[in-house]
Each structure stands twice: as structure tokens, then as C-alpha cells.
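**Student:** Okay, so here is model15.pdb, and as you'll see once you scroll down, it has PDB, C-alpha atoms.
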```pdb
ATOM      1  CA  MET A   6      21.220 -45.212  57.444
ATOM      2  CA  ALA A   7      21.772 -42.856  54.552
ATOM      3  CA  VAL A   8      24.262 -40.055  55.070
ATOM      4  CA  TRP A   9      24.999 -36.992  52.959
ATOM      5  CA  TYR A  10      28.130 -36.175  51.024
ATOM      6  CA  MET A  11      29.106 -33.172  48.922
ATOM      7  CA  LEU A  12      30.687 -34.267  45.662
ATOM      8  CA  THR A  13      32.722 -31.626  43.855
ATOM      9  CA  LEU A  14      33.998 -32.184  40.323
ATOM     10  CA  VAL A  15      36.290 -29.993  38.263
ATOM     11  CA  GLY A  16      37.756 -30.426  34.794
ATOM     12  CA  ALA A  17      37.874 -29.184  31.229
ATOM     13  CA  ASP A  18      34.308 -28.938  29.916
ATOM     14  CA  LYS A  19      33.098 -31.642  27.568
ATOM     15  CA  PRO A  20      29.705 -33.131  26.702
ATOM     16  CA  GLY A  21      28.300 -35.938  28.863
ATOM     17  CA  ILE A  22      29.945 -35.288  32.232
ATOM     18  CA  VAL A  23      26.717 -34.791  34.183
ATOM     19  CA  ALA A  24      24.993 -37.754  32.517
ATOM     20  CA  ASN A  25      27.935 -40.115  33.102
ATOM     21  CA  ILE A  26      28.523 -39.129  36.724
ATOM     22  CA  THR A  27      24.859 -39.124  37.771
ATOM     23  CA  ASP A  28      24.277 -42.466  36.033
ATOM     24  CA  ALA A  29      27.183 -44.002  37.967
ATOM     25  CA  LEU A  30      25.835 -42.582  41.241
ATOM     26  CA  TYR A  31      22.325 -43.854  40.478
ATOM     27  CA  LYS A  32      23.670 -47.348  39.745
ATOM     28  CA  THR A  33      25.480 -47.243  43.111
ATOM     29  CA  ASP A  34      22.124 -46.622  44.851
ATOM     30  CA  CYS A  35      22.946 -43.007  45.576
ATOM     31  CA  ASN A  36      20.245 -40.381  45.782
ATOM     32  CA  LEU A  37      20.991 -36.820  44.654
ATOM     33  CA  GLY A  38      19.990 -33.701  46.556
ATOM     34  CA  GLU A  39      20.613 -30.161  45.368
ATOM     35  CA  ALA A  40      23.216 -29.422  42.721
ATOM     36  CA  SER A  41      24.899 -26.434  41.179
ATOM     37  CA  MET A  42      26.764 -26.764  37.893
ATOM     38  CA  ASN A  43      28.618 -23.971  36.190
ATOM     39  CA  CYS A  44      31.204 -23.428  33.526
ATOM     40  CA  LEU A  45      33.772 -21.013  34.917
ATOM     41  CA  GLY A  46      35.894 -19.993  31.980
ATOM     42  CA  ASP A  47      36.003 -23.243  30.025
ATOM     43  CA  ASN A  48      36.154 -25.282  33.219
ATOM     44  CA  PHE A  49      33.342 -27.615  34.149
ATOM     45  CA  THR A  50      32.418 -27.402  37.829
ATOM     46  CA  ILE A  51      29.679 -29.079  39.786
ATOM     47  CA  MET A  52      28.775 -29.453  43.421
ATOM     48  CA  VAL A  53      26.130 -32.037  44.113
ATOM     49  CA  MET A  54      24.656 -33.373  47.337
ATOM     50  CA  VAL A  55      24.738 -37.163  47.370
ATOM     51  CA  SER A  56      22.848 -39.288  49.877
ATOM     52  CA  SER A  57      23.839 -42.915  50.319
ATOM     53  CA  ASP A  58      23.936 -45.907  52.643
ATOM     54  CA  LYS A  59      27.328 -46.634  51.174
ATOM     55  CA  LYS A  60      30.694 -45.619  52.537
ATOM     56  CA  SER A  61      32.548 -42.801  50.818
ATOM     57  CA  VAL A  62      35.036 -45.304  49.436
ATOM     58  CA  ASP A  63      32.218 -47.074  47.531
ATOM     59  CA  ILE A  64      31.059 -43.796  45.985
ATOM     60  CA  GLU A  65      34.612 -42.936  45.008
ATOM     61  CA  GLN A  66      34.987 -46.382  43.425
ATOM     62  CA  ALA A  67      31.885 -45.707  41.313
ATOM     63  CA  ILE A  68      32.971 -42.340  39.973
ATOM     64  CA  GLN A  69      36.716 -42.905  39.687
ATOM     65  CA  PRO A  70      36.645 -44.648  36.268
ATOM     66  CA  ILE A  71      34.527 -41.837  34.811
ATOM     67  CA  CYS A  72      36.773 -39.181  36.294
ATOM     68  CA  GLU A  73      39.777 -40.908  34.750
ATOM     69  CA  LYS A  74      38.074 -41.275  31.362
ATOM     70  CA  MET A  75      36.846 -37.670  31.326
ATOM     71  CA  SER A  76      39.901 -36.065  32.988
ATOM     72  CA  LEU A  77      38.003 -34.816  36.032
ATOM     73  CA  ARG A  78      39.238 -34.200  39.551
ATOM     74  CA  TYR A  79      36.827 -34.933  42.375
ATOM     75  CA  HIS A  80      36.433 -34.279  46.064
ATOM     76  CA  LEU A  81      34.002 -35.993  48.434
ATOM     77  CA  ASP A  82      33.124 -34.529  51.835
ATOM     78  CA  SER A  83      30.740 -35.755  54.505
ATOM     79  CA  ILE A  84      28.110 -33.049  55.206
ATOM     80  CA  ASP A  85      24.835 -32.372  57.007
ATOM     81  CA  GLY A  86      21.981 -32.574  54.489
ATOM     82  CA  LYS A  87      19.721 -29.900  55.953
ATOM     83  CA  LEU A  88      17.274 -29.729  53.061
ATOM     84  CA  HIS A  89      14.025 -27.709  53.115
ATOM     85  CA  ASN A  90      15.683 -24.817  54.855
ATOM     86  CA  HIS A  91      16.164 -22.247  52.085
ATOM     87  CA  HIS A  92      16.779 -18.632  52.965
ATOM     88  CA  ASP A  93      15.014 -16.259  50.599
ATOM     89  CA  ALA A  94      17.027 -13.309  49.355
ATOM     90  CA  ASP A  95      15.500  -9.870  49.872
ATOM     91  CA  THR A  96      18.217  -7.866  48.138
ATOM     92  CA  ILE A  97      20.005  -8.034  44.808
ATOM     93  CA  VAL A  98      23.258  -6.238  44.096
ATOM     94  CA  THR A  99      24.710  -6.033  40.613
ATOM     95  CA  VAL A 100      28.269  -4.908  40.028
ATOM     96  CA  SER A 101      29.918  -4.118  36.720
ATOM     97  CA  GLY A 102      32.978  -2.317  35.499
ATOM     98  CA  ALA A 103      36.361  -2.647  33.828
ATOM     99  CA  ASP A 104      37.978  -5.774  35.235
ATOM    100  CA  HIS A 105      40.656  -5.089  37.795
ATOM    101  CA  ALA A 106      41.984  -6.754  40.917
ATOM    102  CA  GLY A 107      40.095  -6.226  44.132
ATOM    103  CA  ILE A 108      36.515  -5.613  42.922
ATOM    104  CA  VAL A 109      35.048  -8.649  44.685
ATOM    105  CA  ALA A 110      37.005  -8.073  47.872
ATOM    106  CA  LYS A 111      36.078  -4.395  48.109
ATOM    107  CA  VAL A 112      32.403  -4.824  47.272
ATOM    108  CA  THR A 113      31.743  -7.917  49.379
ATOM    109  CA  THR A 114      33.594  -6.448  52.367
ATOM    110  CA  ALA A 115      31.502  -3.280  52.146
ATOM    111  CA  LEU A 116      28.300  -5.322  51.813
ATOM    112  CA  PHE A 117      29.244  -7.560  54.734
ATOM    113  CA  GLU A 118      29.890  -4.542  56.935
ATOM    114  CA  ALA A 119      26.524  -3.109  55.832
ATOM    115  CA  GLY A 120      24.757  -6.251  57.051
ATOM    116  CA  LEU A 121      24.275  -8.212  53.814
ATOM    117  CA  ASN A 122      24.384 -11.967  54.245
ATOM    118  CA  ILE A 123      25.269 -13.310  50.783
ATOM    119  CA  ILE A 124      23.192 -16.308  49.689
ATOM    120  CA  ASP A 125      24.121 -16.457  46.018
ATOM    121  CA  LEU A 126      26.981 -14.936  44.053
ATOM    122  CA  SER A 127      27.949 -15.390  40.440
ATOM    123  CA  SER A 128      30.345 -13.434  38.312
ATOM    124  CA  GLU A 129      31.659 -13.432  34.790
ATOM    125  CA  VAL A 130      34.535 -11.820  32.989
ATOM    126  CA  ALA A 131      32.893 -10.603  29.799
ATOM    127  CA  GLY A 132      34.021  -8.115  27.140
ATOM    128  CA  THR A 133      37.175  -9.005  25.211
ATOM    129  CA  GLU A 134      40.716 -10.054  26.111
ATOM    130  CA  GLU A 135      41.906  -6.529  25.362
ATOM    131  CA  LYS A 136      39.066  -4.914  27.290
ATOM    132  CA  PRO A 137      37.663  -7.302  29.890
ATOM    133  CA  ILE A 138      34.664  -6.288  31.954
ATOM    134  CA  TYR A 139      33.630  -7.789  35.244
ATOM    135  CA  ILE A 140      29.955  -8.481  35.962
ATOM    136  CA  MET A 141      28.764  -9.858  39.278
ATOM    137  CA  GLN A 142      25.326 -10.557  40.699
ATOM    138  CA  ILE A 143      24.839 -11.027  44.403
ATOM    139  CA  GLU A 144      21.663 -12.007  46.204
ATOM    140  CA  GLY A 145      21.381 -11.845  49.943
ATOM    141  CA  GLN A 146      19.512 -10.944  53.073
ATOM    142  CA  ALA A 147      19.876  -7.353  54.271
ATOM    143  CA  LYS A 148      20.043  -7.956  58.013
ATOM    144  CA  LYS A 149      20.201  -4.223  58.779
ATOM    145  CA  GLY A 150      17.805  -3.115  56.015
ATOM    146  CA  LEU A 151      18.519  -1.568  52.618
ATOM    147  CA  GLU A 152      19.731   1.834  53.809
ATOM    148  CA  PRO A 153      23.228   0.878  55.051
ATOM    149  CA  ILE A 154      23.781  -1.103  51.843
ATOM    150  CA  THR A 155      22.786   1.857  49.697
ATOM    151  CA  GLU A 156      25.157   4.040  51.714
ATOM    152  CA  ALA A 157      27.950   1.469  51.406
ATOM    153  CA  ILE A 158      27.715   1.267  47.633
ATOM    154  CA  ASP A 159      27.752   5.063  47.304
ATOM    155  CA  ALA A 160      31.443   4.812  48.191
ATOM    156  CA  PHE A 161      32.096   3.093  44.843
ATOM    157  CA  LYS A 162      30.958   6.055  42.752
ATOM    158  CA  ASN A 163      34.553   7.252  42.438
ATOM    159  CA  GLU A 164      36.033   3.795  41.834
ATOM    160  CA  ASN A 165      34.897   3.262  38.230
ATOM    161  CA  ILE A 166      32.620   0.446  39.353
ATOM    162  CA  ASP A 167      28.868   0.540  38.841
ATOM    163  CA  VAL A 168      27.110  -0.979  41.823
ATOM    164  CA  ARG A 169      23.331  -1.127  41.915
ATOM    165  CA  VAL A 170      21.147  -2.377  44.710
ATOM    166  CA  LYS A 171      17.463  -3.115  44.785
ATOM    167  CA  SER A 172      15.129  -5.034  47.035
ATOM    168  CA  ILE A 173      13.464  -8.240  45.976
ATOM    169  CA  GLU A 174       9.780  -8.272  46.862
ATOM    170  CA  THR A 175       8.826 -11.934  46.754
ATOM    171  CA  LEU A 176       5.164 -12.530  46.018
ATOM    172  CA  ILE A 177       3.640 -15.497  47.839
ATOM    173  CA  GLY A 178       0.322 -16.456  46.308
TER     174      GLY A 178
ATOM    175  CA  MET B  12     -16.221 -21.378  58.084
ATOM    176  CA  ALA B  13     -13.226 -23.670  57.808
ATOM    177  CA  ILE B  14      -9.485 -23.605  57.431
ATOM    178  CA  LYS B  15      -8.816 -26.018  54.593
ATOM    179  CA  GLU B  16      -5.718 -27.984  53.726
ATOM    180  CA  ILE B  17      -3.732 -26.307  50.964
ATOM    181  CA  LEU B  18      -3.012 -28.643  48.069
ATOM    182  CA  THR B  19       0.707 -28.778  47.357
ATOM    183  CA  TYR B  20       2.668 -29.711  44.241
ATOM    184  CA  PRO B  21       2.841 -32.370  42.781
ATOM    185  CA  ASP B  22      -0.828 -32.970  43.661
ATOM    186  CA  SER B  23      -2.375 -33.487  40.208
ATOM    187  CA  ARG B  24      -5.561 -31.681  41.279
ATOM    188  CA  LEU B  25      -3.616 -28.413  40.968
ATOM    189  CA  LYS B  26      -3.658 -28.979  37.193
ATOM    190  CA  THR B  27      -7.470 -28.882  37.109
ATOM    191  CA  ILE B  28      -9.103 -26.160  35.002
ATOM    192  CA  SER B  29     -11.677 -24.602  37.320
ATOM    193  CA  GLU B  30     -15.324 -24.043  36.350
ATOM    194  CA  PRO B  31     -16.863 -20.578  35.935
ATOM    195  CA  ILE B  32     -19.429 -19.542  38.535
ATOM    196  CA  ASP B  33     -22.956 -19.153  37.158
ATOM    197  CA  GLU B  34     -24.870 -18.938  40.421
ATOM    198  CA  PHE B  35     -23.922 -16.388  43.068
ATOM    199  CA  ASN B  36     -25.426 -18.296  45.969
ATOM    200  CA  ASP B  37     -24.615 -19.312  49.535
ATOM    201  CA  ILE B  38     -22.569 -22.301  48.322
ATOM    202  CA  LEU B  39     -20.240 -19.872  46.529
ATOM    203  CA  ARG B  40     -20.065 -17.556  49.519
ATOM    204  CA  SER B  41     -19.290 -20.495  51.831
ATOM    205  CA  ALA B  42     -16.422 -21.552  49.545
ATOM    206  CA  ILE B  43     -15.128 -17.973  49.547
ATOM    207  CA  GLN B  44     -15.292 -17.918  53.361
ATOM    208  CA  ASP B  45     -13.154 -21.085  53.397
ATOM    209  CA  LEU B  46     -10.662 -19.251  51.182
ATOM    210  CA  GLU B  47     -10.652 -16.219  53.493
ATOM    211  CA  ASP B  48     -10.144 -18.390  56.579
ATOM    212  CA  THR B  49      -7.363 -20.431  54.981
ATOM    213  CA  MET B  50      -5.531 -17.384  53.589
ATOM    214  CA  SER B  51      -5.648 -15.642  56.976
ATOM    215  CA  GLN B  52      -3.803 -18.635  58.471
ATOM    216  CA  GLY B  53      -1.160 -18.682  55.715
ATOM    217  CA  PRO B  54       2.377 -17.392  56.144
ATOM    218  CA  GLY B  55       2.149 -13.909  54.634
ATOM    219  CA  ALA B  56       0.429 -14.800  51.382
ATOM    220  CA  VAL B  57      -0.981 -11.915  49.322
ATOM    221  CA  GLY B  58      -3.464 -14.113  47.519
ATOM    222  CA  ILE B  59      -5.118 -17.485  47.285
ATOM    223  CA  ALA B  60      -7.135 -19.252  44.609
ATOM    224  CA  ALA B  61     -10.099 -21.563  45.222
ATOM    225  CA  PRO B  62      -8.482 -24.632  43.591
ATOM    226  CA  GLN B  63      -5.602 -24.400  46.091
ATOM    227  CA  ILE B  64      -8.063 -25.611  48.757
ATOM    228  CA  GLY B  65      -9.848 -28.081  46.502
ATOM    229  CA  HIS B  66     -12.745 -25.872  45.335
ATOM    230  CA  PHE B  67     -12.435 -26.007  41.550
ATOM    231  CA  ILE B  68     -14.329 -22.794  40.857
ATOM    232  CA  ARG B  69     -13.098 -19.551  39.314
ATOM    233  CA  ALA B  70     -12.679 -17.465  42.447
ATOM    234  CA  VAL B  71      -9.592 -15.856  43.978
ATOM    235  CA  ILE B  72      -8.709 -13.494  46.791
ATOM    236  CA  VAL B  73      -5.956 -10.897  46.387
ATOM    237  CA  ASP B  74      -4.841  -8.451  49.053
ATOM    238  CA  VAL B  75      -1.464  -6.746  48.699
ATOM    239  CA  SER B  76      -2.317  -3.937  51.127
ATOM    240  CA  SER B  77       0.335  -5.161  53.591
ATOM    241  CA  LYS B  78       3.076  -4.099  51.153
ATOM    242  CA  LYS B  79       4.382  -0.593  51.596
ATOM    243  CA  LYS B  80       4.453   2.140  48.947
ATOM    244  CA  ILE B  81       2.543   0.351  46.202
ATOM    245  CA  LYS B  82      -0.691   1.128  44.388
ATOM    246  CA  HIS B  83      -3.473  -1.296  45.223
ATOM    247  CA  HIS B  84      -7.232  -1.734  45.538
ATOM    248  CA  GLY B  85      -7.318  -3.289  49.024
ATOM    249  CA  HIS B  86      -8.907  -6.633  49.797
ATOM    250  CA  LEU B  87     -10.338  -8.130  46.610
ATOM    251  CA  VAL B  88     -12.616 -11.122  46.162
ATOM    252  CA  LEU B  89     -12.720 -11.829  42.443
ATOM    253  CA  VAL B  90     -15.192 -14.241  40.874
ATOM    254  CA  ASN B  91     -14.830 -15.230  37.206
ATOM    255  CA  PRO B  92     -11.889 -12.810  36.765
ATOM    256  CA  GLU B  93     -10.756 -11.997  33.238
ATOM    257  CA  ILE B  94      -7.878  -9.910  31.965
ATOM    258  CA  THR B  95      -9.216  -7.866  29.058
ATOM    259  CA  GLU B  96      -6.086  -5.847  28.313
ATOM    260  CA  TRP B  97      -2.433  -5.948  29.323
ATOM    261  CA  GLU B  98       0.694  -3.924  28.748
ATOM    262  CA  GLY B  99       4.425  -4.405  29.363
ATOM    263  CA  LEU B 100       6.327  -7.392  30.724
ATOM    264  CA  LYS B 101       8.473  -7.617  33.813
ATOM    265  CA  ALA B 102      10.260 -10.382  35.719
ATOM    266  CA  GLY B 103       9.621 -10.657  39.460
ATOM    267  CA  ARG B 104      10.250 -13.152  42.260
ATOM    268  CA  GLU B 105       7.364 -15.421  43.218
ATOM    269  CA  GLY B 106       6.622 -18.219  45.627
ATOM    270  CA  CYS B 107       3.410 -20.098  46.313
ATOM    271  CA  LEU B 108       1.545 -21.657  49.220
ATOM    272  CA  SER B 109       1.235 -24.737  46.991
ATOM    273  CA  VAL B 110       5.022 -24.939  46.371
ATOM    274  CA  PRO B 111       6.695 -24.663  49.788
ATOM    275  CA  ASP B 112      10.365 -23.698  50.156
ATOM    276  CA  PHE B 113      10.944 -22.505  46.591
ATOM    277  CA  THR B 114      10.938 -19.123  44.879
ATOM    278  CA  GLY B 115      11.749 -18.210  41.311
ATOM    279  CA  ASN B 116      11.501 -15.487  38.695
ATOM    280  CA  VAL B 117       8.392 -15.215  36.548
ATOM    281  CA  VAL B 118       7.583 -12.776  33.745
ATOM    282  CA  ARG B 119       4.154 -11.130  34.066
ATOM    283  CA  ALA B 120       2.292  -8.239  32.462
ATOM    284  CA  GLU B 121       3.117  -4.940  34.196
ATOM    285  CA  LYS B 122      -0.334  -3.415  33.762
ATOM    286  CA  ILE B 123      -3.680  -5.154  33.355
ATOM    287  CA  THR B 124      -7.308  -4.262  32.918
ATOM    288  CA  LEU B 125      -9.394  -6.710  34.910
ATOM    289  CA  SER B 126     -13.083  -7.530  34.918
ATOM    290  CA  ALA B 127     -14.677  -9.796  37.519
ATOM    291  CA  TYR B 128     -17.701 -10.164  39.784
ATOM    292  CA  ASP B 129     -18.005  -9.823  43.529
ATOM    293  CA  PRO B 130     -19.545 -12.672  45.606
ATOM    294  CA  LEU B 131     -23.030 -11.150  45.151
ATOM    295  CA  GLY B 132     -22.706 -11.102  41.382
ATOM    296  CA  GLU B 133     -22.025  -7.383  40.971
ATOM    297  CA  PRO B 134     -19.611  -6.604  38.121
ATOM    298  CA  LEU B 135     -16.172  -5.200  39.001
ATOM    299  CA  SER B 136     -13.555  -3.504  36.868
ATOM    300  CA  PHE B 137      -9.979  -2.515  37.744
ATOM    301  CA  GLU B 138      -6.893  -0.974  36.215
ATOM    302  CA  MET B 139      -3.935  -2.551  38.018
ATOM    303  CA  GLU B 140      -0.170  -2.399  37.862
ATOM    304  CA  GLY B 141       2.980  -3.750  39.474
ATOM    305  CA  PHE B 142       2.800  -6.057  42.469
ATOM    306  CA  GLU B 143      -1.009  -6.178  42.596
ATOM    307  CA  ALA B 144      -1.262  -6.984  38.870
ATOM    308  CA  ARG B 145       1.358  -9.728  39.387
ATOM    309  CA  ALA B 146      -0.601 -11.192  42.325
ATOM    310  CA  VAL B 147      -3.826 -11.314  40.287
ATOM    311  CA  GLN B 148      -2.057 -13.045  37.385
ATOM    312  CA  HIS B 149      -0.456 -15.561  39.778
ATOM    313  CA  GLU B 150      -3.836 -16.421  41.325
ATOM    314  CA  MET B 151      -5.647 -16.519  37.967
ATOM    315  CA  ASP B 152      -3.080 -19.058  36.708
ATOM    316  CA  HIS B 153      -4.322 -21.453  39.410
ATOM    317  CA  LEU B 154      -7.789 -21.305  37.814
ATOM    318  CA  ASP B 155      -6.278 -22.643  34.587
ATOM    319  CA  GLY B 156      -4.296 -25.389  36.344
ATOM    320  CA  LEU B 157      -0.999 -23.523  36.123
ATOM    321  CA  LEU B 158       1.613 -22.916  38.817
ATOM    322  CA  PHE B 159       4.442 -20.377  38.733
ATOM    323  CA  LEU B 160       6.697 -23.391  38.111
ATOM    324  CA  ASP B 161       5.150 -23.524  34.625
ATOM    325  CA  ARG B 162       6.442 -20.011  33.907
ATOM    326  CA  LEU B 163       9.888 -19.964  35.556
ATOM    327  CA  VAL B 164      12.680 -18.014  33.929
ATOM    328  CA  SER B 165      16.341 -17.982  34.952
ATOM    329  CA  ARG B 166      17.250 -16.232  38.163
ATOM    330  CA  LYS B 167      20.726 -15.355  37.066
ATOM    331  CA  LYS B 168      20.445 -14.339  33.450
ATOM    332  CA  ASP B 169      17.509 -11.946  33.470
ATOM    333  CA  LEU B 170      19.495  -8.786  34.134
ATOM    334  CA  PHE B 171      22.412  -9.261  31.798
ATOM    335  CA  GLN B 172      21.487 -10.922  28.525
ATOM    336  CA  ARG B 173      24.499 -12.372  26.759
ATOM    337  CA  LYS B 174      24.971 -11.081  23.259
ATOM    338  CA  VAL B 175      27.964 -11.457  20.986
ATOM    339  CA  TYR B 176      28.194  -8.755  18.347
ATOM    340  CA  LYS B 177      30.187  -9.614  15.250
TER     341      LYS B 177
END
```
Could the structure of this file be written out as C-alpha cells, please?

**Tutor:**
Amino acid sequence: MAVWYMLTLVGADKPGIVANITDALYKTDCNLGEASMNCLGDNFTIMVMVSSDKKSVDIEQAIQPICEKMSLRYHLDSIDGKLHNHHDADTIVTVSGADHAGIVAKVTTALFEAGLNIIDLSSEVAGTEEKPIYIMQIEGQAKKGLEPITEAIDAFKNENIDVRVKSIETLIG
Amino acid sequence: MAIKEILTYPDSRLKTISEPIDEFNDILRSAIQDLEDTMSQGPGAVGIAAPQIGHFIRAVIVDVSSKKKIKHHGHLVLVNPEITEWEGLKAGREGCLSVPDFTGNVVRAEKITLSAYDPLGEPLSFEMEGFEARAVQHEMDHLDGLLFLDRLVSRKKDLFQRKVYK
């Protein structure tokens, strides 16, 4: 019976990583589920759900030569697949400001206390080395409605961080 | 009166270009009743298009009146709808009865001028904006064999466009 694994790969970015890894998995009779690939800084990162009849050791054997050749580190965890169970975000929060320590901690703590369940978060350090700016987008479900979140972000007005919140009205047609 | 099965992607029939209505008869009104019955059973949909239930005719229903604080024209049955003018573009989140368990961002016109007919063949004309205009455009795409998947834009990059100034 097929079981699910989460394969995580990290390394310096270079062309061909996704193609090489997924080809090796395909040739080992693995089936891929959902995946998220990002470059964080100049680091390649991917998390991919892998379904297989094989044992984890067989999957590792398939990807190990590619990881060695492409200087990647990997991690393989057994997981529950649980596909077809997406939670739709109803709120989007964008955060921007001069980069300094503690932005993510302060904002996400305030949002958590205001009832936001984060579904998706991505952030970038943009600007320049001399003047870095931090930009973060968060999507989530406002379990207590929008009002407590709006109140929570008001507290950041004096912190030199711009935090904006708006609801996502998803159209189903 | 019948609740019909909703065709779901990747059913190739969803790519069919639907035929214009030239006779406003009981056959049309029966098909529209099927649409009404099926939409009323759907999970919170604000619109449905005839091809989604296998009637490949240019008819849609749109009703965004359940949404709070928006301008709308109530429950609309639109036959042979056509957008004659549009203005502005805006990204918004969409899902579809024909694409379960997925939502994505789509760019649509913010304001539209719409002409159509009612089920008795009487001409209709509307100025629409925002959520209602988006719903009409989403449903009208079905008549041309298009799904919102054909128009997806990035979820993450639509608010902050990367630009390097040199």
C-alpha cells in the first residue's frame, strides 16, 4: 500500500534540481502530491509530498546520487497525505517596513492572539544591503472576524511597520 | 425540474463553445429551471452557467445578493449575454463548482456594461461593477469554454511587483 512522505531539499540554487529529483522519483515509481518550491536568498528549497509503495530507504537511495552531484541536503519524513482538504483564506495581511529583528514575531503573535489562523506566509528582504526592507504577505482564516485583527494591527502604527489587512471575498461560480 | 450533475475539470465538455439562443421557448426555460435547481443545491455559489450542467447554450444565472455591502442587481437570468464596454482591471480570488478544492487569483474588468435577454426574450441592459461584474465575467467564460484556470495569475506576487531600478 502506498504511503506518503514529505521530502525536503535544501542547497545552493542551480538549474535542473527539480527536473533531476522528480525524474529520479518518477523512475522509482513514486507519485508526487503537492509541492512548494522557493528560493530563499540564493538557497533552493523545496518541500514535496511523495507517495510510494517503497520503503523510505529506497527513496533515499534514488535521490542520494543527485543530492551528492548537486550539493543538496535532504530530509524524508513519513506523513499523513490528507489531500483534498484545503482551507480557503478569508484574510490577507501585508507587512512592510525597514528590516529589523522581531517584525515576524511581533506581527504573527498579535495576529494569533486576534484569532488569525495562518495558512500561507511568505516574506522577502528587499531594498539594498545598506537599506534593507522587509516585506511579508500572510493569508489566513480570521476565526474571530476581521475586527480584532484590525484592532491588533493598529498597535503597529508607532512601530515604523506598515501593516495592512483586508478580507478576501472568494467568488464561487 | 431537475438537479443536474455538475461537470468537473478535466471533463473536455467544459471546453465547448456554447450556442446562442435563437428561440425563447419552453425548452430554454426548462434548461434554465435545471440551472436554478442545480445552483440552489450548490455550496454557496453566486453563479452558474448552462454548460456546467451539460446544456451547451448561452445562458447563465448570477446572484450575488447574499454578499454584504456590495452593489448588485439581484437574481439575474442572462441569455445571450454580451459585454459591450469595460473599464479597469482588478485581481480577485475565484473558485468554481467545476473545479473543486482550488481557488486562485484572476484579473477581471472592474466595471462592465452588459446586454442580454431574459428567458422570455426581453432585452436587458446593466451597468455593473466589482463582485457582480466579476461573477458575470466568470460565468460568461464558461460559455466560451474557458475556466478560471485559464486566467490564473500568481497569488503571491500581485501586490508587490518586483522592479529593479538602475

**Student:** What would the selection look like, as a ChimeraX atom specification, if the PyMOL selection byres ((chain B) within 10 of (chain A)) were run on the coordinates I just shared?

**Tutor:** /B:50,53-60,63,72-75,78,103-116,142-143,145-150,153,158-159,167-168,170-171,173,175

**Student:** Closest to A:Glu39 among A:Asn25, A:Thr113, A:Ser56, A:Ser61, using all atoms listed in the file?

**Tutor:**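 Of A:Asn25, A:Thr113, A:Ser56, A:Ser61, the one nearest A:Glu39, counting all atoms listed in the file, is A:Ser56.
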
**Student:** Let me have the centre and edge lengths of the axis-aligned box enclosing all listed atoms of stretch 152-170 of chain A with 5 Å padding on every side, in Å to one decimal, as AutoDock Vina command-line options.

**Tutor:**
```
--center_x 27.9 --center_y 2.4 --center_z 46.6 --size_x 26.3 --size_y 19.6 --size_z 26.8
```

**Student:** Could you please determine the separation between atom CA of B:Leu89 and atom CA of B:Pro130 in Å, to one decimal place?

**Tutor:**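 So the two atoms, atom CA of B:Leu89 and atom CA of B:Pro130, lie 7.6 Å apart.
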
**Student:** How many Å lie between atom CA of B:Thr124 and atom CA of B:Ile28, rounded to one decimal?

**Tutor:** 22.1 Å

**Student:** Hey, which of B:Gly156, B:Gly99, B:Pro62, B:Gly132 ends up closest to B:Phe35? Count only C-alpha atoms.

**Tutor:**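 Closest residue, counting only C-alpha atoms: B:Gly132.
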
**Student:** Which residue out of B:Glu121, B:Asn36, B:Glu138, B:Ala13 has the minimum interatomic distance to B:Lys101 when only C-alpha atoms are used?

**Tutor:**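 Comparing B:Glu121, B:Asn36, B:Glu138, B:Ala13 against B:Lys101, the winner is B:Glu121.
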
**Student:** Residues proximal to (33.5, -28.8, 39.8) were defined as those with any atom within 8 Å of that point in the file's coordinates, counting only C-alpha atoms. Which are they, as a PDB file with C-alpha atoms, in the coordinates of the input?

**Tutor:**
```pdb
ATOM      1  CA  THR A  13      32.722 -31.626  43.855  1.00  0.00           C
ATOM      2  CA  LEU A  14      33.998 -32.184  40.323  1.00  0.00           C
ATOM      3  CA  VAL A  15      36.290 -29.993  38.263  1.00  0.00           C
ATOM      4  CA  GLY A  16      37.756 -30.426  34.794  1.00  0.00           C
ATOM      5  CA  MET A  42      26.764 -26.764  37.893  1.00  0.00           C
ATOM      6  CA  ASN A  43      28.618 -23.971  36.190  1.00  0.00           C
ATOM      7  CA  ASN A  48      36.154 -25.282  33.219  1.00  0.00           C
ATOM      8  CA  PHE A  49      33.342 -27.615  34.149  1.00  0.00           C
ATOM      9  CA  THR A  50      32.418 -27.402  37.829  1.00  0.00           C
ATOM     10  CA  ILE A  51      29.679 -29.079  39.786  1.00  0.00           C
ATOM     11  CA  MET A  52      28.775 -29.453  43.421  1.00  0.00           C
ATOM     12  CA  ARG A  78      39.238 -34.200  39.551  1.00  0.00           C
ATOM     13  CA  TYR A  79      36.827 -34.933  42.375  1.00  0.00           C
TER      14      TYR A  79
END
```

**Student:** Quote the spacing between atom CA of B:Leu135 and atom CA of B:Lys80 in Å to one decimal place.

**Tutor:** 24.0 Å

**Student:** Which residues, written as a PyMOL selection string, have at least one atom at most 10 Å from A:Gly46, with all atoms listed in the file counted and residues fewer than 6 positions away on the same chain left out?

**Tutor:** chain A and resi 17-18+129-130

**Student:** Between B:Ser23, B:Ser126, B:Thr95, B:Thr49, which has the minimum distance to B:Ala61 (counting all atoms listed in the file)?

**Tutor:**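 Once distances to B:Ala61 are computed over all atoms listed in the file, the minimum belongs to B:Thr49.
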
**Student:** When you look at A:Ile26 with a cut-off of 7 Å (counting all atoms listed in the file), what residues show up, excluding the ones that are within fewer than 3 positions of it in the same chain? I need them as a ChimeraX atom specification.

**Tutor:** /A:22-23,29-30,68,71

**Student:** With all atoms listed in the file as the counted atoms, please give the residues lying no more than 12 Å from A:Glu152, apart from itself and same-chain residues fewer than 2 positions off, as number ranges by chain.

**Tutor:** A: 96, 116, 119-121, 147-150, 154-159, 170-172

**Student:** Let me make sure I understand: among A:Lys60, A:Pro153, A:Phe161, A:Lys74, which one has the smallest atom-to-atom distance to A:Glu118 if we use all atoms listed in the file?

**Tutor:**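 Of all the options, A:Pro153 lies closest to A:Glu118.
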
**Student:** Give as a tab-separated table (two decimals) with C-alpha atoms, in the coordinates of the input the residues that the PyMOL selection byres ((chain B and resi 140) around 6) matches when applied to the coordinates above.

**Tutor:**
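File part23.tsv, as written:
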```
chain	number	residue	atom	x	y	z
B	121	GLU	CA	3.12	-4.94	34.20
B	122	LYS	CA	-0.33	-3.42	33.76
B	139	MET	CA	-3.94	-2.55	38.02
B	141	GLY	CA	2.98	-3.75	39.47
B	144	ALA	CA	-1.26	-6.98	38.87
```

**Student:** Evaluate the PyMOL selection byres ((chain A and resi 57) around 7) and record the selected residues as an NGL selection string, following the chain and residue labels used in the document.

**Tutor:** :A and (7-9 or 34-36 or 55-56 or 58-59)

**Student:** Which residue is closest to B:Asp155? Choose from B:Thr19, B:Ser77, B:Ser29, B:Ser136 and count only C-alpha atoms.

**Tutor:** B:Ser29
